[in-house]
Structure formats: C-alpha cells, structure tokens
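Inspection log for the structure reproduced underneath, given as structure tokens.
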Amino acid sequence: IAVHQDSTNVPGSPEAGDGFASTMTADGNRFAIGAAGEAIGSDAGAGTVAVFDHTLNSEGRPTPRFALDQDLDTVSGSAEPSDQFGSALALTPYRPSGAAAATESILTVGAWGEDLTIDGANKADAGTVLTFRIPASGGSFTQLDSYSQGAGGDDVTGTAETGDRFGWSVTAVNTAPREVSTTATMKFAVGVPEETVGTAAKAGTIHTFSLLGAPGANDKLVEPGNNAGLPGTPGANQLVGRSLHFTGTHLYVGMPYGPGTGALHALPMSNVTAGGAVAAVTSYRPGQGGLP
C-alpha cells in the first residue's frame, strides 16, 4: 500500500521538498506522518503532520483523519519559514479516567526550527515541542501543552538560546497501557542536541517530562556526568539527544559522536524520573560484551 499527498483525502499536495514521511510514528490506535518541509502558505519549511486511522478505506489505503500545522487557531505559535514542525514525532496510547481501554492517543510533535522571543531578543532555531490529545473517535484533537526551555512561563529547566534545536528528537511511552494513565506512567523525552553545556558547544542535553500535568512539574535534565547516570562528561560536538528511544523500563541514549568510538546507554526509568533514585546504567560499546 502506498500513501502520499496525492492520495484521496490526504492533506496537502505533493511539492518539491515537502519531506512527506521523513518522520513517522504509530500506536495501536492510529499513526501520524510528518512533512517538516511542507510550505504553509508562503512559509517554506513551516511543516505539517497528517494523522490516519489504521482502518483501510474504499481504496485500500489507511483513512486520513486530519492535519496539524501552526497556522491553525487550535495550535499554539504560528507557521513560519523553516519551523520544521513535524520533524520529530511520538504517538502514545492514552487511557483517561473512566475509559475501559487506552483507545485515545497523545501525539508529541517537535519543531526544532521554531524561533522564540526571550526578553525582546530573537532566538532563532531555539525549538519547541507541542503535545496533542486525540480522542477515541480519532477525528479531532486538543492541544495539551507546549514545551520550550525557560520560555512562556512553563518552568522548564534551562534557557532558550539560538541554535539549541530543542525538539530535534522526541520519544514517548505509556509504561502501563492497561491501566488508567497517570503522570507517572505517561513519559516522554526531548533531545536538545546543539545545547551548549558549560563551555562545550553542541554538547547536547536531554529533558524528560510527563505527558500529563504542567511541563515543569516533572522535568528532569539528563547530561553526561549529572545525576541521571549517563556516563562521561559534556564535550563539544557530542550532540547528546540526537538519538533517543523509550521502552517501558529504560531510556536508550545513542552517543555516536563520542567520547571515544561511540556507545549506546540504557538508563533505567528511575534515573530519568524527577526525584528518582539512580540505578546502574547498561552501556553497549563496539568490541565489548559480545558486540563486534
């Protein structure tokens, strides 16, 4: 089955540089496709996201439900050139109180090219992340929150700076999908790969949050050598946060740019939870533990 922007009822139209399907995410309820290069009006590279049901339509293709972009009144911010809205996606099943199953979803959307104005100064490509609740019907959405470093009163650790690229990567998980969802079970992480840490330019950092509640209430900063157990120390051009993946028990952090030849680190859930105890981290390195 092929799906593209010239398929029936798929939002948008095929244009050079749209990047349709450069990002994708799915859960058991639905899936979403990002086109971060999509022009919104005359704003090249503003970006959009299309959401589909898994159910096939009369053409034998997944059923399109709606599209998201920052030109909508129901989405915060505004569509601007090179926002790259949809350049990172994560879709997570959600069970609200009173529901019999996790038939709803929460969609997390990164826009690393978003410019922010902090104290009257423009911070180009500081980046932002937005979260949306999709009901069981699948045909609509409600924005839950927006996340950015130290901007907008959301109490997120750090300061939005030019070129941080907050939201370059996102990953999310429901650690108890058969239970009513809570702030403790609905987790996501955001990569900020070009964040300067101390004097180390583009060292990179990671934030972990809950998908429910105020953005800053469950914010934890993850950097090499801090209280999350990620090995090493911040170094220039390490780009920590470019590669992330949540499972029900660990946050996996890829560090291909060093130190050394690169490694993959599995951080236990308690390590990346605000107020959690730090447990042993498992590291995977070439030539060690049976890896070639």
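Following the order of the structure tokens, chains are lettered A, B, ..., residues in each are numbered from 1, and ligands are numbered from 1.
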
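Near A:Leu107, within 6 Å and counting only C-alpha atoms, sit Ala90, Leu91, Thr131 and Phe132 of chain A, not including residues fewer than 2 positions from it in the same chain.
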
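When DSSP reads the backbone of this structure, the residues of stretch 205-270 of chain A it assigns to helix (DSSP H, G or I) are Pro215, Gly216, Ala217, Asn218, Met269 and Ser270 of chain A.
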
Could the residues in this selection be written to a file with N, CA and C atoms, as a PDB file, in the first residue's frame?
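Below you can see result-v2.pdb, which holds the result:
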ATOM      1  N   PRO A 215       4.264  21.367  32.340  1.00  0.00           N
ATOM      2  CA  PRO A 215       5.545  20.960  31.758  1.00  0.00           C
ATOM      3  C   PRO A 215       6.694  20.883  32.751  1.00  0.00           C
ATOM      4  N   GLY A 216       6.810  21.874  33.628  1.00  0.00           N
ATOM      5  CA  GLY A 216       7.948  21.898  34.529  1.00  0.00           C
ATOM      6  C   GLY A 216       7.824  21.010  35.752  1.00  0.00           C
ATOM      7  N   ALA A 217       6.637  20.449  35.990  1.00  0.00           N
ATOM      8  CA  ALA A 217       6.400  19.704  37.225  1.00  0.00           C
ATOM      9  C   ALA A 217       7.187  18.406  37.285  1.00  0.00           C
ATOM     10  N   ASN A 218       7.470  17.794  36.142  1.00  0.00           N
ATOM     11  CA  ASN A 218       8.181  16.512  36.117  1.00  0.00           C
ATOM     12  C   ASN A 218       9.391  16.557  35.190  1.00  0.00           C
ATOM     13  N   MET A 269      14.446   3.573  34.210  1.00  0.00           N
ATOM     14  CA  MET A 269      13.398   4.578  34.296  1.00  0.00           C
ATOM     15  C   MET A 269      13.563   5.495  35.508  1.00  0.00           C
ATOM     16  N   SER A 270      13.995   4.944  36.643  1.00  0.00           N
ATOM     17  CA  SER A 270      14.158   5.778  37.836  1.00  0.00           C
ATOM     18  C   SER A 270      15.206   6.868  37.615  1.00  0.00           C
TER      19      SER A 270
END

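Here atom CA of A:Asp53 and atom CA of A:Arg30 stand 4.6 Å from one another.
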
| request: Identify, on the basis of only C-alpha atoms, every residue whose closest approach to A:Thr199 does not exceed 10 Å; exclude the query and any residue fewer than 6 positions from it along the same chain; express the result as a ChimeraX atom specification. | output: /A:234-236

With stretch 15-21 of chain A as the partner and 10 Å as the cut-off, tabulate the residues of stretch 25-106 of chain A that qualify, each row holding the nearest pair of atoms and their distance in Å to one decimal, using only C-alpha atoms, sorted by chain and rising number, as a Markdown table.
| residue | atom | partner | partner_atom | distance |
| --- | --- | --- | --- | --- |
| A:Thr25 | CA | A:Ala21 | CA | 9.7 |
| A:Ala32 | CA | A:Ala21 | CA | 8.9 |
| A:Ile33 | CA | A:Ala21 | CA | 5.3 |
| A:Gly34 | CA | A:Ala21 | CA | 5.4 |
| A:Ala35 | CA | A:Phe20 | CA | 4.1 |
| A:Ala36 | CA | A:Gly19 | CA | 6.1 |
| A:Gly37 | CA | A:Asp18 | CA | 4.3 |
| A:Glu38 | CA | A:Asp18 | CA | 4.3 |
| A:Ala39 | CA | A:Asp18 | CA | 7.3 |
| A:Ala44 | CA | A:Asp18 | CA | 9.1 |
| A:Gly45 | CA | A:Asp18 | CA | 7.6 |
| A:Ala46 | CA | A:Asp18 | CA | 9.8 |
| A:Gly47 | CA | A:Asp18 | CA | 8.0 |
| A:Thr48 | CA | A:Phe20 | CA | 8.9 |
| A:Val49 | CA | A:Phe20 | CA | 8.8 |
| A:Ala50 | CA | A:Phe20 | CA | 9.3 |
| A:Gly86 | CA | A:Ala21 | CA | 9.8 |
| A:Ser87 | CA | A:Gly19 | CA | 9.3 |

| field | For A:Asp125: contacts at 9 Å, only C-alpha atoms, fewer than 5 positions along chain excluded, given as a list in words | value | Ser82, Asp83, Ala111, Trp112, Gly113, Glu114, Asp115, Leu116, Glu161, Thr162, Gly163, Asp164, Arg165 and Phe166 of chain A

Requested write-out: all heavy atoms of the selected residues, as an mmCIF file, in the first residue's frame:
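The resulting file, out-v4.cif, is reproduced below:
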data_model
loop_
_atom_site.group_PDB
_atom_site.id
_atom_site.type_symbol
_atom_site.label_atom_id
_atom_site.label_comp_id
_atom_site.auth_asym_id
_atom_site.auth_seq_id
_atom_site.Cartn_x
_atom_site.Cartn_y
_atom_site.Cartn_z
ATOM 1 N N SER A 82 10.825 27.588 7.877
ATOM 2 C CA SER A 82 11.850 26.719 8.475
ATOM 3 C C SER A 82 11.573 26.342 9.927
ATOM 4 O O SER A 82 12.491 25.942 10.652
ATOM 5 C CB SER A 82 13.240 27.377 8.375
ATOM 6 O OG SER A 82 13.573 27.633 7.018
ATOM 7 N N ASP A 83 10.312 26.400 10.369
ATOM 8 C CA ASP A 83 9.981 25.908 11.711
ATOM 9 C C ASP A 83 10.271 24.416 11.845
ATOM 10 O O ASP A 83 10.601 23.930 12.922
ATOM 11 C CB ASP A 83 8.495 26.138 12.027
ATOM 12 C CG ASP A 83 8.207 27.526 12.547
ATOM 13 O OD1 ASP A 83 9.159 28.254 12.882
ATOM 14 O OD2 ASP A 83 7.018 27.889 12.613
ATOM 15 N N ALA A 111 9.404 20.739 16.791
ATOM 16 C CA ALA A 111 9.626 21.779 15.776
ATOM 17 C C ALA A 111 10.933 22.474 16.135
ATOM 18 O O ALA A 111 10.936 23.562 16.718
ATOM 19 C CB ALA A 111 8.465 22.772 15.742
ATOM 20 N N TRP A 112 12.051 21.830 15.776
ATOM 21 C CA TRP A 112 13.352 22.340 16.230
ATOM 22 C C TRP A 112 13.723 23.678 15.604
ATOM 23 O O TRP A 112 14.587 24.398 16.113
ATOM 24 C CB TRP A 112 14.454 21.318 15.964
ATOM 25 C CG TRP A 112 14.699 20.950 14.525
ATOM 26 C CD1 TRP A 112 14.294 19.815 13.900
ATOM 27 C CD2 TRP A 112 15.424 21.702 13.541
ATOM 28 N NE1 TRP A 112 14.711 19.807 12.585
ATOM 29 C CE2 TRP A 112 15.408 20.953 12.344
ATOM 30 C CE3 TRP A 112 16.090 22.928 13.561
ATOM 31 C CZ2 TRP A 112 16.019 21.398 11.168
ATOM 32 C CZ3 TRP A 112 16.696 23.376 12.388
ATOM 33 C CH2 TRP A 112 16.662 22.613 11.211
ATOM 34 N N GLY A 113 13.047 24.055 14.506
ATOM 35 C CA GLY A 113 13.369 25.321 13.856
ATOM 36 C C GLY A 113 12.564 26.500 14.359
ATOM 37 O O GLY A 113 12.711 27.617 13.838
ATOM 38 N N GLU A 114 11.729 26.291 15.376
ATOM 39 C CA GLU A 114 10.912 27.374 15.929
ATOM 40 C C GLU A 114 11.788 28.460 16.528
ATOM 41 O O GLU A 114 12.685 28.196 17.337
ATOM 42 C CB GLU A 114 9.970 26.816 16.996
ATOM 43 C CG GLU A 114 9.086 27.847 17.676
ATOM 44 C CD GLU A 114 7.810 28.139 16.912
ATOM 45 O OE1 GLU A 114 7.589 27.540 15.846
ATOM 46 O OE2 GLU A 114 7.020 28.966 17.393
ATOM 47 N N ASP A 115 11.538 29.702 16.136
ATOM 48 C CA ASP A 115 12.226 30.851 16.737
ATOM 49 C C ASP A 115 11.422 31.328 17.947
ATOM 50 O O ASP A 115 10.191 31.378 17.908
ATOM 51 C CB ASP A 115 12.344 32.007 15.743
ATOM 52 C CG ASP A 115 13.207 31.668 14.538
ATOM 53 O OD1 ASP A 115 13.836 30.599 14.538
ATOM 54 O OD2 ASP A 115 13.239 32.483 13.599
ATOM 55 N N LEU A 116 12.122 31.660 19.027
ATOM 56 C CA LEU A 116 11.467 32.160 20.231
ATOM 57 C C LEU A 116 11.971 33.564 20.550
ATOM 58 O O LEU A 116 13.133 33.885 20.288
ATOM 59 C CB LEU A 116 11.751 31.231 21.419
ATOM 60 C CG LEU A 116 11.270 29.787 21.293
ATOM 61 C CD1 LEU A 116 11.699 28.985 22.516
ATOM 62 C CD2 LEU A 116 9.761 29.709 21.118
ATOM 63 N N GLU A 161 18.152 29.289 23.658
ATOM 64 C CA GLU A 161 19.243 30.015 23.011
ATOM 65 C C GLU A 161 19.232 29.721 21.515
ATOM 66 O O GLU A 161 18.745 28.677 21.074
ATOM 67 C CB GLU A 161 20.589 29.590 23.607
ATOM 68 C CG GLU A 161 20.703 29.913 25.098
ATOM 69 C CD GLU A 161 21.862 29.194 25.760
ATOM 70 O OE1 GLU A 161 22.102 28.021 25.425
ATOM 71 O OE2 GLU A 161 22.524 29.810 26.613
ATOM 72 N N THR A 162 19.799 30.621 20.757
ATOM 73 C CA THR A 162 19.877 30.443 19.314
ATOM 74 C C THR A 162 20.580 29.132 18.965
ATOM 75 O O THR A 162 21.658 28.840 19.473
ATOM 76 C CB THR A 162 20.638 31.616 18.673
ATOM 77 O OG1 THR A 162 19.903 32.827 18.908
ATOM 78 C CG2 THR A 162 20.817 31.404 17.181
ATOM 79 N N GLY A 163 19.930 28.345 18.114
ATOM 80 C CA GLY A 163 20.533 27.122 17.620
ATOM 81 C C GLY A 163 20.502 25.936 18.553
ATOM 82 O O GLY A 163 21.130 24.905 18.263
ATOM 83 N N ASP A 164 19.755 25.997 19.659
ATOM 84 C CA ASP A 164 19.664 24.841 20.571
ATOM 85 C C ASP A 164 19.027 23.637 19.884
ATOM 86 O O ASP A 164 19.389 22.494 20.143
ATOM 87 C CB ASP A 164 18.833 25.192 21.810
ATOM 88 C CG ASP A 164 19.616 25.931 22.867
ATOM 89 O OD1 ASP A 164 20.856 26.004 22.759
ATOM 90 O OD2 ASP A 164 18.984 26.437 23.809
ATOM 91 N N ARG A 165 18.005 23.895 19.068
ATOM 92 C CA ARG A 165 17.242 22.837 18.385
ATOM 93 C C ARG A 165 16.529 21.904 19.373
ATOM 94 O O ARG A 165 16.554 20.688 19.243
ATOM 95 C CB ARG A 165 18.126 22.062 17.409
ATOM 96 C CG ARG A 165 18.473 22.877 16.172
ATOM 97 C CD ARG A 165 19.569 22.266 15.339
ATOM 98 N NE ARG A 165 19.688 22.900 14.030
ATOM 99 C CZ ARG A 165 20.219 24.106 13.789
ATOM 100 N NH1 ARG A 165 20.658 24.839 14.807
ATOM 101 N NH2 ARG A 165 20.288 24.600 12.567
ATOM 102 N N PHE A 166 15.898 22.508 20.374
ATOM 103 C CA PHE A 166 15.042 21.775 21.310
ATOM 104 C C PHE A 166 13.924 21.110 20.505
ATOM 105 O O PHE A 166 13.200 21.774 19.756
ATOM 106 C CB PHE A 166 14.456 22.763 22.327
ATOM 107 C CG PHE A 166 13.575 22.164 23.392
ATOM 108 C CD1 PHE A 166 14.105 21.804 24.622
ATOM 109 C CD2 PHE A 166 12.213 21.993 23.181
ATOM 110 C CE1 PHE A 166 13.297 21.276 25.616
ATOM 111 C CE2 PHE A 166 11.395 21.470 24.164
ATOM 112 C CZ PHE A 166 11.938 21.106 25.389
#

| message | DSSP on the backbone, strand (DSSP E or B) only: what residues of stretch 30-256 of chain A does that give? Format it as a PyMOL selection string. | response | chain A and resi 30-35+40+43+48-56+62-68+88-94+104-111+116-118+121-123+128-134+142-147+169-174+186-192+197+200+204-210+220-222+240+243-246+250-255

| request: For each of A:Phe141, A:Tyr257, A:Tyr147, A:Phe66, take the minimum atom-to-atom distance to A:Lys202, counting only C-alpha atoms, then give the residue where this is smallest. | output: A:Tyr257

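For A:Asn226, the non-local neighbours within 12 Å, defined as residues at least 4 positions apart in the same chain or in other chains and counting only C-alpha atoms, are Val197, Thr205, Ile206, Lys220, Leu221, Val222, Leu230, Pro231, Gly232, Thr233, Pro234, Asn271, Val272 and Val278 of chain A.
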
Write the residues of the preceding selection, restricted to N, CA, C and O atoms, as an mmCIF file, in the first residue's frame.
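That gives us result-v1.cif:
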data_model
loop_
_atom_site.group_PDB
_atom_site.id
_atom_site.type_symbol
_atom_site.label_atom_id
_atom_site.label_comp_id
_atom_site.auth_asym_id
_atom_site.auth_seq_id
_atom_site.Cartn_x
_atom_site.Cartn_y
_atom_site.Cartn_z
ATOM 1 N N VAL A 197 26.780 23.197 26.897
ATOM 2 C CA VAL A 197 26.830 22.830 28.313
ATOM 3 C C VAL A 197 28.163 23.322 28.867
ATOM 4 O O VAL A 197 29.224 22.845 28.465
ATOM 5 N N THR A 205 21.903 17.973 25.272
ATOM 6 C CA THR A 205 21.279 17.576 26.526
ATOM 7 C C THR A 205 19.915 16.952 26.228
ATOM 8 O O THR A 205 19.430 16.998 25.102
ATOM 9 N N ILE A 206 19.319 16.363 27.253
ATOM 10 C CA ILE A 206 18.021 15.693 27.137
ATOM 11 C C ILE A 206 17.133 16.161 28.288
ATOM 12 O O ILE A 206 17.605 16.298 29.423
ATOM 13 N N LYS A 220 13.142 16.579 34.124
ATOM 14 C CA LYS A 220 14.466 16.172 34.603
ATOM 15 C C LYS A 220 15.480 16.355 33.486
ATOM 16 O O LYS A 220 15.251 15.940 32.338
ATOM 17 N N LEU A 221 16.608 16.948 33.813
ATOM 18 C CA LEU A 221 17.677 17.187 32.860
ATOM 19 C C LEU A 221 18.643 16.001 32.873
ATOM 20 O O LEU A 221 19.055 15.538 33.931
ATOM 21 N N VAL A 222 18.977 15.510 31.682
ATOM 22 C CA VAL A 222 19.887 14.372 31.547
ATOM 23 C C VAL A 222 21.088 14.812 30.726
ATOM 24 O O VAL A 222 20.954 15.179 29.551
ATOM 25 N N LEU A 230 24.150 9.006 33.118
ATOM 26 C CA LEU A 230 24.719 8.932 31.776
ATOM 27 C C LEU A 230 26.233 9.112 31.892
ATOM 28 O O LEU A 230 26.698 10.124 32.405
ATOM 29 N N PRO A 231 27.023 8.143 31.407
ATOM 30 C CA PRO A 231 28.472 8.188 31.634
ATOM 31 C C PRO A 231 29.152 9.348 30.914
ATOM 32 O O PRO A 231 28.635 9.894 29.939
ATOM 33 N N GLY A 232 30.338 9.699 31.404
ATOM 34 C CA GLY A 232 31.177 10.687 30.751
ATOM 35 C C GLY A 232 30.956 12.090 31.260
ATOM 36 O O GLY A 232 30.315 12.316 32.303
ATOM 37 N N THR A 233 31.482 13.042 30.527
ATOM 38 C CA THR A 233 31.317 14.465 30.817
ATOM 39 C C THR A 233 30.929 15.171 29.525
ATOM 40 O O THR A 233 31.238 14.696 28.426
ATOM 41 N N PRO A 234 30.232 16.306 29.623
ATOM 42 C CA PRO A 234 29.841 17.016 28.404
ATOM 43 C C PRO A 234 31.064 17.418 27.575
ATOM 44 O O PRO A 234 32.053 17.930 28.111
ATOM 45 N N ASN A 271 16.217 6.586 36.803
ATOM 46 C CA ASN A 271 17.273 7.567 36.535
ATOM 47 C C ASN A 271 16.754 8.794 35.812
ATOM 48 O O ASN A 271 17.304 9.893 35.964
ATOM 49 N N VAL A 272 15.718 8.608 34.992
ATOM 50 C CA VAL A 272 15.236 9.707 34.158
ATOM 51 C C VAL A 272 13.879 10.219 34.623
ATOM 52 O O VAL A 272 13.152 10.862 33.873
ATOM 53 N N VAL A 278 19.069 6.813 41.359
ATOM 54 C CA VAL A 278 19.938 6.500 40.228
ATOM 55 C C VAL A 278 20.424 5.056 40.348
ATOM 56 O O VAL A 278 21.085 4.691 41.325
#

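For A:Val240, the non-local neighbours within 7 Å, defined as residues at least 4 positions apart in the same chain or in other chains and counting only C-alpha atoms, are Pro193, Ala203, Gly204, Thr205 and Met255 of chain A.
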
Filtering to N, CA, C and O atoms, could you give me those residues as a CSV table (one decimal), in the first residue's frame?
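Full text of selection07.csv as output:
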chain,number,residue,atom,x,y,z
A,193,PRO,N,20.1,18.6,20.9
A,193,PRO,CA,21.5,18.2,20.6
A,193,PRO,C,22.5,19.3,20.4
A,193,PRO,O,23.7,19.0,20.5
A,203,ALA,N,27.3,20.3,22.9
A,203,ALA,CA,27.5,19.1,23.8
A,203,ALA,C,26.1,18.3,23.8
A,203,ALA,O,26.1,17.1,23.7
A,204,GLY,N,25.0,19.1,23.8
A,204,GLY,CA,23.7,18.5,23.8
A,204,GLY,C,23.2,18.0,25.2
A,204,GLY,O,24.0,17.8,26.1
A,205,THR,N,21.9,18.0,25.3
A,205,THR,CA,21.3,17.6,26.5
A,205,THR,C,19.9,17.0,26.2
A,205,THR,O,19.4,17.0,25.1
A,255,MET,N,25.0,7.8,21.6
A,255,MET,CA,26.0,8.8,21.6
A,255,MET,C,27.1,8.4,20.6
A,255,MET,O,28.2,8.0,20.9

| remark: If you count only C-alpha atoms, the residue of A:Ile134, A:Val180, A:Met24, A:Ala263 closest to A:Arg65 turns out to be A:Ile134

| task | Identify, on the basis of only C-alpha atoms, every residue whose closest approach to A:Gly191 does not exceed 7 Å; exclude the query and any residue fewer than 4 positions from it along the same chain; express the result as a list in words. | result | Phe166, Gly167, Trp168, Ser169, Val170, Thr205, Ile206, His207, Gly241 and Arg242 of chain A

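The nearest approach to A:Arg95 among the residues A:Thr117, A:Asp69, A:Met186, A:Ser148, with only C-alpha atoms taken into account, belongs to A:Met186.
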
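Take the candidates A:Val75, A:Ala121, A:Ala100, A:Ile106 and check each one against A:Phe31 using only C-alpha atoms; the shortest distance goes to A:Ile106.
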